[in-house]
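Below is one structure, written out as structure tokens, with a few remarks after it.
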Amino acid sequence: MADNKALLSVEELKVYFRSEDEVARAVDGVSFDVGREETVCLVGESGCGKTVTALSVMGLVPIPPGEIAGGKILFRAKNLLDFNDSDMQKVRGNQIAMIFQEPLTSLNPVFTIGDQIGEAIQIHQTATQSEVVERSQQLLKDVGIADPAQRLRDYPHQLSGGQRQRVMIAMALACDPDLVIADEPTTALDVTVQAQILRLLDTIQKMRSMSVLYITHDLGVVSKIADRICVMYAGIIAEQGNKDAVLKTPKHPYTQALLASLPNREKRGQRLYSIPGTVPNPAYKPDGCPFHPRCQHTIQNCSEQYPGMCDYGDGHHARCPVLFEGGKGNWCD
Amino acid sequence: MNEMGSRNATILQVDNLKKYFPIRRGFFQKITGWVRAVENVSFKIKRGKTLGLVGESGCGKTTVARLILKLLDADEGQILFDAQDITQLDEKEMKPLRKEMQIIFQDPYGSLNPRMTVGQSIAEGLKISGIHNRSKQNQRLEKLLKMVGMSPASSDRFPHEFSGGQRQRIGIARALSVEPALIICDEPVSALDVSIQAQIINLLKDLQSQLELSYLFISHDLNVVGYLCDKVAVMYKGHIMEYAPADALFDHPFHPYTHLLLSAIPDTEHKIDAELNATADEVSNTLNPPSGCSFQERCPLNEERCKHNPIEFEKMGPDHLVRCWKVARNGSY
């Protein structure tokens, strides 16, 4: 897994949350790489651990109650988990930036757009006031906001949802990061605006040769932007691989079920496949494969042994031995 | 209500519905302008069928829903429910009809009283429909919960004990408690995870065929609309731009706005139409609409004539209406 070319390499990451009487294993042994100029999508339903994974990369998991119980996060071959606060401060926002889901709550309502973009620049770089204004204007222009000089004087409430998300992207780009983590940045937006923001991210990524770790629950969005996909379920990666491999020839029952449960026009008149049951509580995950109580292909082993990653070649892995070469996949203890 | 045999095939007919909201400014709250939320909206819903109402946020979808339920009074136009015009009815005359029309909301968290048990919430509806006898109430409650796929034991629990999908089921059970003929579904699956969304969509379809329910399905998700709806009305800034059977709309869309929406669907098949989206900005407010076509600012086909005359519906096929003179003349987009 430790590919030297990867910009970000997460290895066997475990993040637990402890409360008085229980341990929620939110992320439970997750490994994936993000290569240079690559877009990797973390897909999964709410509670699957995708956001916690992203927050750990940013060093933003609150400790306690959170706890990094194991693993490594290698960014440019250095383990971010060994960094102290001030080292991490230099990475965060500077080399790795984050875009959040709700632009209105992530922007401070009492400061102007200009103040907030300027702050992002000044924290990490030395620049005079006029340089900061100039950079801010250029950033707004890059993210497709008309009349940037005027917009810098606006407050967040004066902008529309799409414009606010563009401002968030501008702030993330302020220090020319190598990696941008986008956590459901288009979920709150209209489809037409979503299409614009996705196109914008794509253009900017190419222009600045960044890597993007994109977190979403929307498989439609994934099919538009991803190079590679990691499908998460209950704190583990169920399947990962190149976009087409995962979406067209899914090898894990969970991915297959997710795709089958998407409504669209072609399925009219047919019943949608619906996955029975609900996502398990991270504090009370079933033994063995966490998906086995909801799975169509469950065998005896699934509730007793932990499934191993099965290799389908070309970076396509699925954690389901039952479907691998007629059930010949390996099991862990 | 009419007898079974002579029942009206059309459960709801809306004709030229109009609603303006005043904008008041200054010390004397003088009216300084009007928001034209709904303008000349007409459609029909047949018994046992589903009409989809789609459009971006702010286009007037929810206002239409509130007008139909008489939570707002229409300025002009008629709402015929089972061939009876309800716009002129007073509160007392409206009361028996309220049972016939129910609504389920997007946010199942916000639409259930947190201090009432599920049973109490649903029993409210039963009391209104005249079932005061405790044991009869319990019988009916049990049946309703079973109908939406929940165990009868749920009735003693509180809303916070349930997941989003279960709460949506409770909302549906509550709507069904008064045995309505029409249910307005206001984005009922937008807040749900993919696997849960499929369960709720299947449930809505099952209930429709069991109880011959009619739905007005409000959504911005064209994948869901394409799967679920028989007819679709596309709304933009208070106007219906295109109104057609779902198959016709998806196979042969005419209006440029419909094209824009379809091209923005994030799914595995459609490509984002860059050219069309380049002209796309968010729905600007409905405050001072231009004269002529309301879509002209974003329309790639825009020309002089669009600015002047109000644009009328043109018939493009059986039941297929389009509010665009240009595609009507050319016969295609």
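In the structure tokens, the first chain shown is A, the next is B, and so on; residue numbers restart at 1 for each chain, and ligands run from 1 in the order shown.
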
Set out as a Markdown table a contact list for chain A and chain B with a cut-off of 6 Å, giving each residue of chain A that qualifies its closest atom pair and distance in Å to one decimal, counting only C-alpha atoms, ordered by chain and rising residue number.
| residue | atom | partner | partner_atom | distance |
| --- | --- | --- | --- | --- |
| A:Glu45 | CA | B:Asp193 | CA | 5.7 |
| A:Asp190 | CA | B:Glu56 | CA | 5.8 |
| A:Val191 | CA | B:Ala264 | CA | 5.9 |
| A:Thr192 | CA | B:Ala264 | CA | 5.3 |
| A:Ala195 | CA | B:Ala264 | CA | 5.5 |
| A:Gly220 | CA | B:Asp267 | CA | 4.0 |
| A:Val221 | CA | B:Pro266 | CA | 5.2 |
| A:Ser223 | CA | B:Thr268 | CA | 5.6 |
| A:Ser261 | CA | B:Ala198 | CA | 5.6 |
| A:Pro263 | CA | B:Val224 | CA | 5.5 |
| A:Asn264 | CA | B:Asn223 | CA | 4.5 |
| A:Arg265 | CA | B:Gly226 | CA | 4.5 |
| A:Arg268 | CA | B:Tyr227 | CA | 4.8 |
| A:Ser274 | CA | B:Ala198 | CA | 5.3 |
| A:Ile275 | CA | B:Ser195 | CA | 5.6 |

Which neighbours of stretch 174-187 of chain B fall inside 6 Å, counting only C-alpha atoms, when residues of the same chain fewer than 6 positions from it are skipped, and could you give them as a ChimeraX atom specification? /B:99-106,122,125-126,129,213-219

For the selection just defined, write its residues with N, CA and C atoms to a file, as a PDB file, in the first residue's frame.
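Result file selection.pdb:
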ATOM      1  N   LYS B  99     -59.291  16.315   5.780  1.00  0.00           N
ATOM      2  CA  LYS B  99     -58.964  14.900   5.941  1.00  0.00           C
ATOM      3  C   LYS B  99     -58.528  14.260   4.629  1.00  0.00           C
ATOM      4  N   GLU B 100     -59.058  14.821   3.555  1.00  0.00           N
ATOM      5  CA  GLU B 100     -58.801  14.219   2.247  1.00  0.00           C
ATOM      6  C   GLU B 100     -57.417  14.538   1.707  1.00  0.00           C
ATOM      7  N   MET B 101     -56.817  15.611   2.259  1.00  0.00           N
ATOM      8  CA  MET B 101     -55.516  16.039   1.743  1.00  0.00           C
ATOM      9  C   MET B 101     -54.516  16.058   2.881  1.00  0.00           C
ATOM     10  N   GLN B 102     -53.431  15.366   2.732  1.00  0.00           N
ATOM     11  CA  GLN B 102     -52.420  15.349   3.777  1.00  0.00           C
ATOM     12  C   GLN B 102     -51.066  15.705   3.184  1.00  0.00           C
ATOM     13  N   ILE B 103     -50.124  16.016   4.060  1.00  0.00           N
ATOM     14  CA  ILE B 103     -48.789  16.360   3.568  1.00  0.00           C
ATOM     15  C   ILE B 103     -47.744  15.603   4.373  1.00  0.00           C
ATOM     16  N   ILE B 104     -46.700  15.161   3.709  1.00  0.00           N
ATOM     17  CA  ILE B 104     -45.526  14.676   4.448  1.00  0.00           C
ATOM     18  C   ILE B 104     -44.341  15.547   4.070  1.00  0.00           C
ATOM     19  N   PHE B 105     -43.516  15.825   5.069  1.00  0.00           N
ATOM     20  CA  PHE B 105     -42.480  16.837   4.901  1.00  0.00           C
ATOM     21  C   PHE B 105     -41.113  16.217   4.665  1.00  0.00           C
ATOM     22  N   GLN B 106     -40.196  17.094   4.245  1.00  0.00           N
ATOM     23  CA  GLN B 106     -38.821  16.651   4.010  1.00  0.00           C
ATOM     24  C   GLN B 106     -38.147  16.226   5.302  1.00  0.00           C
ATOM     25  N   ILE B 122     -50.041   9.957  16.119  1.00  0.00           N
ATOM     26  CA  ILE B 122     -50.902   9.376  15.090  1.00  0.00           C
ATOM     27  C   ILE B 122     -52.363   9.405  15.536  1.00  0.00           C
ATOM     28  N   GLY B 125     -54.737  12.288  14.581  1.00  0.00           N
ATOM     29  CA  GLY B 125     -55.457  12.162  13.314  1.00  0.00           C
ATOM     30  C   GLY B 125     -56.692  11.285  13.460  1.00  0.00           C
ATOM     31  N   LEU B 126     -56.567  10.226  14.264  1.00  0.00           N
ATOM     32  CA  LEU B 126     -57.705   9.309  14.433  1.00  0.00           C
ATOM     33  C   LEU B 126     -58.862  10.020  15.127  1.00  0.00           C
ATOM     34  N   SER B 129     -60.720  12.057  12.759  1.00  0.00           N
ATOM     35  CA  SER B 129     -61.611  11.304  11.867  1.00  0.00           C
ATOM     36  C   SER B 129     -62.704  10.591  12.666  1.00  0.00           C
ATOM     37  N   LEU B 213     -54.008   5.961  -3.671  1.00  0.00           N
ATOM     38  CA  LEU B 213     -53.663   7.321  -3.290  1.00  0.00           C
ATOM     39  C   LEU B 213     -53.179   8.106  -4.497  1.00  0.00           C
ATOM     40  N   SER B 214     -53.391   9.407  -4.448  1.00  0.00           N
ATOM     41  CA  SER B 214     -52.775  10.283  -5.439  1.00  0.00           C
ATOM     42  C   SER B 214     -51.675  11.058  -4.737  1.00  0.00           C
ATOM     43  N   TYR B 215     -50.585  11.281  -5.438  1.00  0.00           N
ATOM     44  CA  TYR B 215     -49.492  12.052  -4.849  1.00  0.00           C
ATOM     45  C   TYR B 215     -49.195  13.295  -5.676  1.00  0.00           C
ATOM     46  N   LEU B 216     -48.931  14.387  -4.962  1.00  0.00           N
ATOM     47  CA  LEU B 216     -48.239  15.500  -5.595  1.00  0.00           C
ATOM     48  C   LEU B 216     -46.832  15.429  -5.038  1.00  0.00           C
ATOM     49  N   PHE B 217     -45.881  15.075  -5.872  1.00  0.00           N
ATOM     50  CA  PHE B 217     -44.542  14.767  -5.390  1.00  0.00           C
ATOM     51  C   PHE B 217     -43.607  15.922  -5.732  1.00  0.00           C
ATOM     52  N   ILE B 218     -43.244  16.682  -4.701  1.00  0.00           N
ATOM     53  CA  ILE B 218     -42.394  17.853  -4.910  1.00  0.00           C
ATOM     54  C   ILE B 218     -40.950  17.450  -4.685  1.00  0.00           C
ATOM     55  N   SER B 219     -40.087  17.715  -5.662  1.00  0.00           N
ATOM     56  CA  SER B 219     -38.716  17.260  -5.514  1.00  0.00           C
ATOM     57  C   SER B 219     -37.795  18.029  -6.432  1.00  0.00           C
TER      58      SER B 219
END

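Inside stretch 158-310 of chain A, the residues DSSP reads as strand (DSSP E or B) when given the backbone are Leu179, Val180, Ile181, Ala182, Asp183, Ser211, Val212, Leu213, Tyr214, Ile215, Thr216, Arg228, Ile229, Cys230, Val231, Met232, Tyr233, Ile236, Ile237, Ala238, Glu239, Gln240, Gly241, Asn242, Pro307 and Cys310 of chain A.
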
With distances taken over only C-alpha atoms, which residue among A:Pro321, A:Pro103, A:Gly29, A:Pro253 lies nearest A:Val167? A:Pro103

Would you list the contacts of stretch 31-44 of chain B as a PyMOL selection string, taking every protein, DNA or RNA residue within 6 Å and counting only C-alpha atoms, but skipping same-chain residues closer than 3 positions in sequence? chain B and resi 12-24+60+238-239+286-287

Selected residues written out with all heavy atoms, as a tab-separated table (two decimals), in the first residue's frame:
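What ended up in out16.tsv:
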chain	number	residue	atom	x	y	z
B	12	LEU	N	-57.60	16.21	-8.25
B	12	LEU	CA	-57.24	17.61	-8.01
B	12	LEU	C	-57.00	18.31	-9.34
B	12	LEU	O	-56.28	17.79	-10.20
B	12	LEU	CB	-55.96	17.69	-7.17
B	12	LEU	CG	-55.51	19.11	-6.82
B	12	LEU	CD1	-56.35	19.67	-5.69
B	12	LEU	CD2	-54.05	19.14	-6.42
B	13	GLN	N	-57.65	19.45	-9.49
B	13	GLN	CA	-57.39	20.24	-10.68
B	13	GLN	C	-57.11	21.67	-10.26
B	13	GLN	O	-57.90	22.28	-9.52
B	13	GLN	CB	-58.60	20.19	-11.62
B	13	GLN	CG	-58.36	21.00	-12.87
B	13	GLN	CD	-59.46	20.80	-13.89
B	13	GLN	OE1	-60.31	19.92	-13.77
B	13	GLN	NE2	-59.46	21.64	-14.91
B	14	VAL	N	-55.99	22.19	-10.70
B	14	VAL	CA	-55.59	23.55	-10.34
B	14	VAL	C	-55.62	24.38	-11.61
B	14	VAL	O	-55.07	23.98	-12.63
B	14	VAL	CB	-54.17	23.53	-9.74
B	14	VAL	CG1	-53.65	24.93	-9.57
B	14	VAL	CG2	-54.18	22.81	-8.41
B	15	ASP	N	-56.36	25.52	-11.56
B	15	ASP	CA	-56.47	26.36	-12.75
B	15	ASP	C	-55.98	27.77	-12.48
B	15	ASP	O	-56.51	28.45	-11.61
B	15	ASP	CB	-57.95	26.44	-13.20
B	15	ASP	CG	-58.40	25.15	-13.86
B	15	ASP	OD1	-57.58	24.52	-14.55
B	15	ASP	OD2	-59.57	24.78	-13.65
B	16	ASN	N	-55.01	28.19	-13.25
B	16	ASN	CA	-54.51	29.57	-13.21
B	16	ASN	C	-54.28	30.11	-11.80
B	16	ASN	O	-54.68	31.21	-11.47
B	16	ASN	CB	-55.48	30.50	-13.93
B	16	ASN	CG	-55.55	30.16	-15.40
B	16	ASN	OD1	-54.53	29.89	-16.02
B	16	ASN	ND2	-56.75	30.11	-15.94
B	17	LEU	N	-53.65	29.32	-11.00
B	17	LEU	CA	-53.40	29.69	-9.62
B	17	LEU	C	-52.37	30.82	-9.56
B	17	LEU	O	-51.38	30.82	-10.31
B	17	LEU	CB	-52.87	28.47	-8.87
B	17	LEU	CG	-53.00	28.47	-7.37
B	17	LEU	CD1	-54.46	28.58	-6.97
B	17	LEU	CD2	-52.42	27.17	-6.83
B	18	LYS	N	-52.62	31.77	-8.66
B	18	LYS	CA	-51.73	32.92	-8.58
B	18	LYS	C	-51.55	33.31	-7.12
B	18	LYS	O	-52.51	33.35	-6.36
B	18	LYS	CB	-52.37	34.06	-9.35
B	18	LYS	CG	-51.41	35.17	-9.72
B	18	LYS	CD	-52.19	36.30	-10.33
B	18	LYS	CE	-51.74	36.65	-11.74
B	18	LYS	NZ	-52.46	37.79	-12.28
B	19	LYS	N	-50.33	33.59	-6.73
B	19	LYS	CA	-50.08	34.08	-5.38
B	19	LYS	C	-48.93	35.07	-5.39
B	19	LYS	O	-47.81	34.73	-5.82
B	19	LYS	CB	-49.74	32.91	-4.44
B	19	LYS	CG	-49.47	33.31	-3.01
B	19	LYS	CD	-50.75	33.74	-2.30
B	19	LYS	CE	-50.47	34.35	-0.94
B	19	LYS	NZ	-51.71	34.88	-0.33
B	20	TYR	N	-49.21	36.31	-4.98
B	20	TYR	CA	-48.14	37.31	-4.84
B	20	TYR	C	-47.97	37.61	-3.36
B	20	TYR	O	-48.95	37.70	-2.64
B	20	TYR	CB	-48.53	38.62	-5.53
B	20	TYR	CG	-48.53	38.58	-7.04
B	20	TYR	CD1	-48.26	37.41	-7.74
B	20	TYR	CD2	-48.77	39.74	-7.77
B	20	TYR	CE1	-48.27	37.40	-9.13
B	20	TYR	CE2	-48.77	39.73	-9.15
B	20	TYR	CZ	-48.53	38.56	-9.83
B	20	TYR	OH	-48.54	38.55	-11.19
B	21	PHE	N	-46.74	37.76	-2.93
B	21	PHE	CA	-46.50	38.19	-1.55
B	21	PHE	C	-46.03	39.64	-1.56
B	21	PHE	O	-45.14	40.00	-2.33
B	21	PHE	CB	-45.40	37.33	-0.90
B	21	PHE	CG	-45.81	35.91	-0.69
B	21	PHE	CD1	-45.30	34.90	-1.49
B	21	PHE	CD2	-46.69	35.58	0.32
B	21	PHE	CE1	-45.67	33.58	-1.30
B	21	PHE	CE2	-47.06	34.26	0.52
B	21	PHE	CZ	-46.56	33.26	-0.29
B	22	PRO	N	-46.61	40.47	-0.69
B	22	PRO	CA	-46.20	41.87	-0.66
B	22	PRO	C	-44.85	42.04	0.04
B	22	PRO	O	-44.53	41.29	0.96
B	22	PRO	CB	-47.30	42.56	0.15
B	22	PRO	CG	-47.86	41.48	1.01
B	22	PRO	CD	-47.68	40.19	0.27
B	23	ILE	N	-44.07	42.99	-0.42
B	23	ILE	CA	-42.84	43.34	0.27
B	23	ILE	C	-43.08	44.68	0.93
B	23	ILE	O	-43.44	45.66	0.27
B	23	ILE	CB	-41.67	43.47	-0.73
B	23	ILE	CG1	-41.47	42.16	-1.44
B	23	ILE	CG2	-40.40	43.90	-0.02
B	23	ILE	CD1	-40.76	42.32	-2.74
B	24	ARG	N	-42.92	44.72	2.22
B	24	ARG	CA	-43.22	45.97	2.95
B	24	ARG	C	-41.92	46.57	3.45
B	24	ARG	O	-41.04	45.88	3.94
B	24	ARG	CB	-44.14	45.67	4.12
B	24	ARG	CG	-45.51	45.20	3.67
B	24	ARG	CD	-46.31	44.72	4.87
B	24	ARG	NE	-47.47	43.96	4.44
B	24	ARG	CZ	-48.64	44.51	4.13
B	24	ARG	NH1	-48.80	45.80	4.22
B	24	ARG	NH2	-49.65	43.77	3.73
B	60	GLY	N	-41.18	28.25	-6.24
B	60	GLY	CA	-42.60	28.31	-5.91
B	60	GLY	C	-43.28	26.97	-5.68
B	60	GLY	O	-44.48	26.92	-5.48
B	238	GLY	N	-42.10	30.59	-10.49
B	238	GLY	CA	-43.55	30.72	-10.37
B	238	GLY	C	-44.36	30.24	-11.55
B	238	GLY	O	-45.57	30.10	-11.45
B	239	HIS	N	-43.70	30.00	-12.69
B	239	HIS	CA	-44.41	29.52	-13.87
B	239	HIS	C	-44.14	28.04	-14.10
B	239	HIS	O	-43.04	27.57	-13.85
B	239	HIS	CB	-43.91	30.23	-15.14
B	239	HIS	CG	-44.32	31.65	-15.21
B	239	HIS	ND1	-45.53	32.05	-15.69
B	239	HIS	CD2	-43.65	32.78	-14.89
B	239	HIS	CE1	-45.61	33.35	-15.66
B	239	HIS	NE2	-44.48	33.83	-15.16
B	286	THR	N	-37.68	36.45	-7.40
B	286	THR	CA	-38.90	36.61	-8.19
B	286	THR	C	-39.45	38.01	-7.99
B	286	THR	O	-40.59	38.28	-8.27
B	286	THR	CB	-39.94	35.55	-7.76
B	286	THR	OG1	-39.74	35.26	-6.39
B	286	THR	CG2	-39.80	34.30	-8.56
B	287	LEU	N	-38.58	38.89	-7.48
B	287	LEU	CA	-39.03	40.21	-7.07
B	287	LEU	C	-39.42	41.08	-8.27
B	287	LEU	O	-40.54	41.52	-8.39
B	287	LEU	CB	-37.89	40.87	-6.29
B	287	LEU	CG	-38.21	42.15	-5.58
B	287	LEU	CD1	-39.39	41.94	-4.66
B	287	LEU	CD2	-36.99	42.60	-4.78

Using only C-alpha atoms, which residues sit within 9 Å of A:Gly59 once same-chain residues fewer than 5 positions away are excluded, as a compact mmCIF listing (two decimals) with all heavy atoms, in the first residue's frame?
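The resulting file, out_4.txt, is shown below:
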# COMPACT_ATOMS: atom_id res chain seq x y z
N ALA A 54 -11.84 12.05 7.27
CA ALA A 54 -11.35 13.32 6.75
C ALA A 54 -10.84 14.21 7.87
O ALA A 54 -9.78 14.83 7.76
CB ALA A 54 -12.46 14.03 5.99
N LEU A 80 1.46 12.37 9.79
CA LEU A 80 0.83 13.54 10.40
C LEU A 80 0.44 13.28 11.85
O LEU A 80 0.31 14.20 12.64
CB LEU A 80 -0.43 13.93 9.62
CG LEU A 80 -0.25 14.44 8.19
CD1 LEU A 80 -1.60 14.84 7.61
CD2 LEU A 80 0.70 15.63 8.15
N LEU A 81 0.28 12.01 12.20
CA LEU A 81 -0.13 11.70 13.56
C LEU A 81 1.00 11.96 14.56
O LEU A 81 0.77 12.08 15.76
CB LEU A 81 -0.59 10.23 13.66
CG LEU A 81 -1.82 9.90 12.84
CD1 LEU A 81 -2.16 8.43 12.96
CD2 LEU A 81 -3.01 10.75 13.27
N ASP A 85 0.94 20.22 17.73
CA ASP A 85 -0.05 21.20 17.30
C ASP A 85 0.50 22.27 16.36
O ASP A 85 -0.12 22.62 15.36
CB ASP A 85 -0.69 21.88 18.52
CG ASP A 85 -1.76 21.01 19.12
OD1 ASP A 85 -2.07 19.97 18.50
OD2 ASP A 85 -2.28 21.34 20.20
N MET A 88 1.27 20.91 12.96
CA MET A 88 0.03 20.59 12.26
C MET A 88 -0.62 21.88 11.74
O MET A 88 -1.18 21.90 10.65
CB MET A 88 -0.91 19.88 13.25
CG MET A 88 -2.03 19.10 12.59
SD MET A 88 -1.43 17.81 11.47
CE MET A 88 -2.69 17.90 10.22
N ARG A 92 -2.19 22.42 8.07
CA ARG A 92 -3.63 22.60 7.96
C ARG A 92 -3.94 23.96 7.34
O ARG A 92 -3.47 24.99 7.80
CB ARG A 92 -4.23 22.51 9.36
CG ARG A 92 -5.72 22.38 9.41
CD ARG A 92 -6.22 22.53 10.82
NE ARG A 92 -5.71 21.48 11.71
CZ ARG A 92 -5.29 21.73 12.96
NH1 ARG A 92 -5.29 22.94 13.43
NH2 ARG A 92 -4.86 20.74 13.71

Which of stretch 68-113 of chain A counts as alpha helix (DSSP H) under DSSP, as a short mmCIF file (atom, residue, chain, number, x, y, z; two decimals) with all heavy atoms, in the first residue's frame please?
data_model
loop_
_atom_site.label_atom_id
_atom_site.label_comp_id
_atom_site.auth_asym_id
_atom_site.auth_seq_id
_atom_site.Cartn_x
_atom_site.Cartn_y
_atom_site.Cartn_z
N ASP A 85 0.94 20.22 17.73
CA ASP A 85 -0.05 21.20 17.30
C ASP A 85 0.50 22.27 16.36
O ASP A 85 -0.12 22.62 15.36
CB ASP A 85 -0.69 21.88 18.52
CG ASP A 85 -1.76 21.01 19.12
OD1 ASP A 85 -2.07 19.97 18.50
OD2 ASP A 85 -2.28 21.34 20.20
N SER A 86 1.69 22.79 16.70
CA SER A 86 2.18 23.90 15.88
C SER A 86 2.66 23.42 14.51
O SER A 86 2.52 24.12 13.52
CB SER A 86 3.27 24.68 16.62
OG SER A 86 4.43 23.89 16.70
N ASP A 87 3.19 22.22 14.45
CA ASP A 87 3.54 21.65 13.13
C ASP A 87 2.29 21.43 12.30
O ASP A 87 2.25 21.72 11.10
CB ASP A 87 4.26 20.30 13.30
CG ASP A 87 5.67 20.47 13.82
OD1 ASP A 87 6.20 21.60 13.71
OD2 ASP A 87 6.24 19.49 14.33
N MET A 88 1.27 20.91 12.96
CA MET A 88 0.03 20.59 12.26
C MET A 88 -0.62 21.88 11.74
O MET A 88 -1.18 21.90 10.65
CB MET A 88 -0.91 19.88 13.25
CG MET A 88 -2.03 19.10 12.59
SD MET A 88 -1.43 17.81 11.47
CE MET A 88 -2.69 17.90 10.22
N GLN A 89 -0.49 22.94 12.54
CA GLN A 89 -1.04 24.24 12.14
C GLN A 89 -0.46 24.71 10.81
O GLN A 89 -1.14 25.34 10.01
CB GLN A 89 -0.71 25.26 13.25
CG GLN A 89 -1.54 26.53 13.21
CD GLN A 89 -3.00 26.26 13.53
OE1 GLN A 89 -3.30 25.56 14.50
NE2 GLN A 89 -3.90 26.77 12.72
N LYS A 90 0.80 24.35 10.60
CA LYS A 90 1.44 24.78 9.34
C LYS A 90 0.94 23.99 8.14
O LYS A 90 0.98 24.45 7.01
CB LYS A 90 2.96 24.63 9.46
CG LYS A 90 3.57 25.72 10.31
CD LYS A 90 5.06 25.49 10.51
CE LYS A 90 5.57 26.30 11.67
NZ LYS A 90 6.63 25.61 12.41
N VAL A 91 0.52 22.77 8.41
CA VAL A 91 0.02 21.93 7.32
C VAL A 91 -1.43 22.27 7.02
O VAL A 91 -1.84 22.44 5.87
CB VAL A 91 0.14 20.43 7.71
CG1 VAL A 91 -0.48 19.56 6.64
CG2 VAL A 91 1.58 20.07 7.95
N PRO A 103 -21.83 26.09 3.74
CA PRO A 103 -21.02 27.30 3.66
C PRO A 103 -21.50 28.39 4.62
O PRO A 103 -20.70 29.15 5.11
CB PRO A 103 -21.15 27.74 2.21
CG PRO A 103 -22.26 26.97 1.64
CD PRO A 103 -22.46 25.77 2.47
N LEU A 104 -22.80 28.44 4.90
CA LEU A 104 -23.27 29.53 5.75
C LEU A 104 -22.78 29.37 7.18
O LEU A 104 -22.41 30.34 7.83
CB LEU A 104 -24.80 29.62 5.73
CG LEU A 104 -25.37 30.87 6.40
CD1 LEU A 104 -24.80 32.13 5.77
CD2 LEU A 104 -26.87 30.90 6.32
N THR A 105 -22.75 28.14 7.67
CA THR A 105 -22.29 27.95 9.04
C THR A 105 -20.77 27.97 9.13
O THR A 105 -20.22 28.15 10.20
CB THR A 105 -22.82 26.64 9.65
OG1 THR A 105 -22.62 25.61 8.69
CG2 THR A 105 -24.27 26.71 10.00
N SER A 106 -20.08 27.76 8.02
CA SER A 106 -18.62 27.78 8.08
C SER A 106 -18.06 29.18 7.88
O SER A 106 -16.88 29.40 8.07
CB SER A 106 -18.00 26.86 7.04
OG SER A 106 -18.79 25.76 6.81
N ILE A 113 -16.47 39.01 3.46
CA ILE A 113 -15.81 37.96 2.69
C ILE A 113 -14.32 38.26 2.58
O ILE A 113 -13.47 37.40 2.74
CB ILE A 113 -16.44 37.89 1.28
CG1 ILE A 113 -17.93 37.58 1.36
CG2 ILE A 113 -15.71 36.90 0.39
CD1 ILE A 113 -18.25 36.28 2.02
#

Atom CA of B:Asp73 to atom CA of B:Lys92, straight-line distance in Å: 14.8 Å

Applying 10 Å and only C-alpha atoms, which residues near A:Ile96 remain after dropping the ones on its own chain fewer than 3 positions away? List them as a list in words. Val57, Met58, Phe75, Lys90, Val91, Arg92, Gly93, Ala172, Leu173, Cys175, Asp176, Pro177, Asp178, Leu179, Val180, Ile181, Met210, Ser211 and Val212 of chain A

Shell of 12 Å around A:Val133, only C-alpha atoms, local chain residues under 5 positions omitted, as an mmCIF file with C-alpha atoms, in the first residue's frame:
data_model
loop_
_atom_site.group_PDB
_atom_site.id
_atom_site.type_symbol
_atom_site.label_atom_id
_atom_site.label_comp_id
_atom_site.auth_asym_id
_atom_site.auth_seq_id
_atom_site.Cartn_x
_atom_site.Cartn_y
_atom_site.Cartn_z
ATOM 1 C CA ILE A 113 -15.814 37.963 2.691
ATOM 2 C CA GLY A 114 -12.618 39.982 2.191
ATOM 3 C CA ASP A 115 -11.675 39.733 5.885
ATOM 4 C CA GLN A 116 -12.143 35.990 5.887
ATOM 5 C CA ILE A 117 -10.219 35.216 2.719
ATOM 6 C CA GLY A 118 -7.526 37.678 3.827
ATOM 7 C CA GLU A 119 -7.198 35.927 7.167
ATOM 8 C CA ALA A 120 -6.574 32.618 5.458
ATOM 9 C CA ILE A 121 -3.748 34.191 3.456
ATOM 10 C CA GLN A 122 -2.185 36.109 6.355
ATOM 11 C CA ALA A 127 1.936 39.649 2.627
ATOM 12 C CA THR A 128 1.155 43.350 2.749
ATOM 13 C CA GLN A 138 -7.806 36.985 -7.985
ATOM 14 C CA LEU A 139 -9.076 34.027 -5.954
ATOM 15 C CA LEU A 140 -12.680 35.153 -6.292
ATOM 16 C CA PRO A 148 -14.821 40.476 -6.999
ATOM 17 C CA ALA A 149 -13.870 43.904 -5.648
ATOM 18 C CA GLN A 150 -17.450 44.543 -4.583
ATOM 19 C CA ARG A 151 -18.004 41.003 -3.262
ATOM 20 C CA LEU A 152 -14.999 41.311 -0.931
ATOM 21 C CA ARG A 153 -16.920 43.996 0.949
ATOM 22 C CA ALA A 174 -5.870 30.738 -0.709
#

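Every protein or nucleic acid residue with an atom no more than 8 Å from A:Ala69, counting only C-alpha atoms and leaving out same-chain residues fewer than 3 positions away, appears here: A:Leu13, A:Lys14, A:Val15, A:Tyr16.
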
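Restricting the calculation to only C-alpha atoms, the smallest distance between B:Ala83 and any of B:Ile128, B:Ala173, B:Ile45, B:Leu301 is found for B:Ile45.
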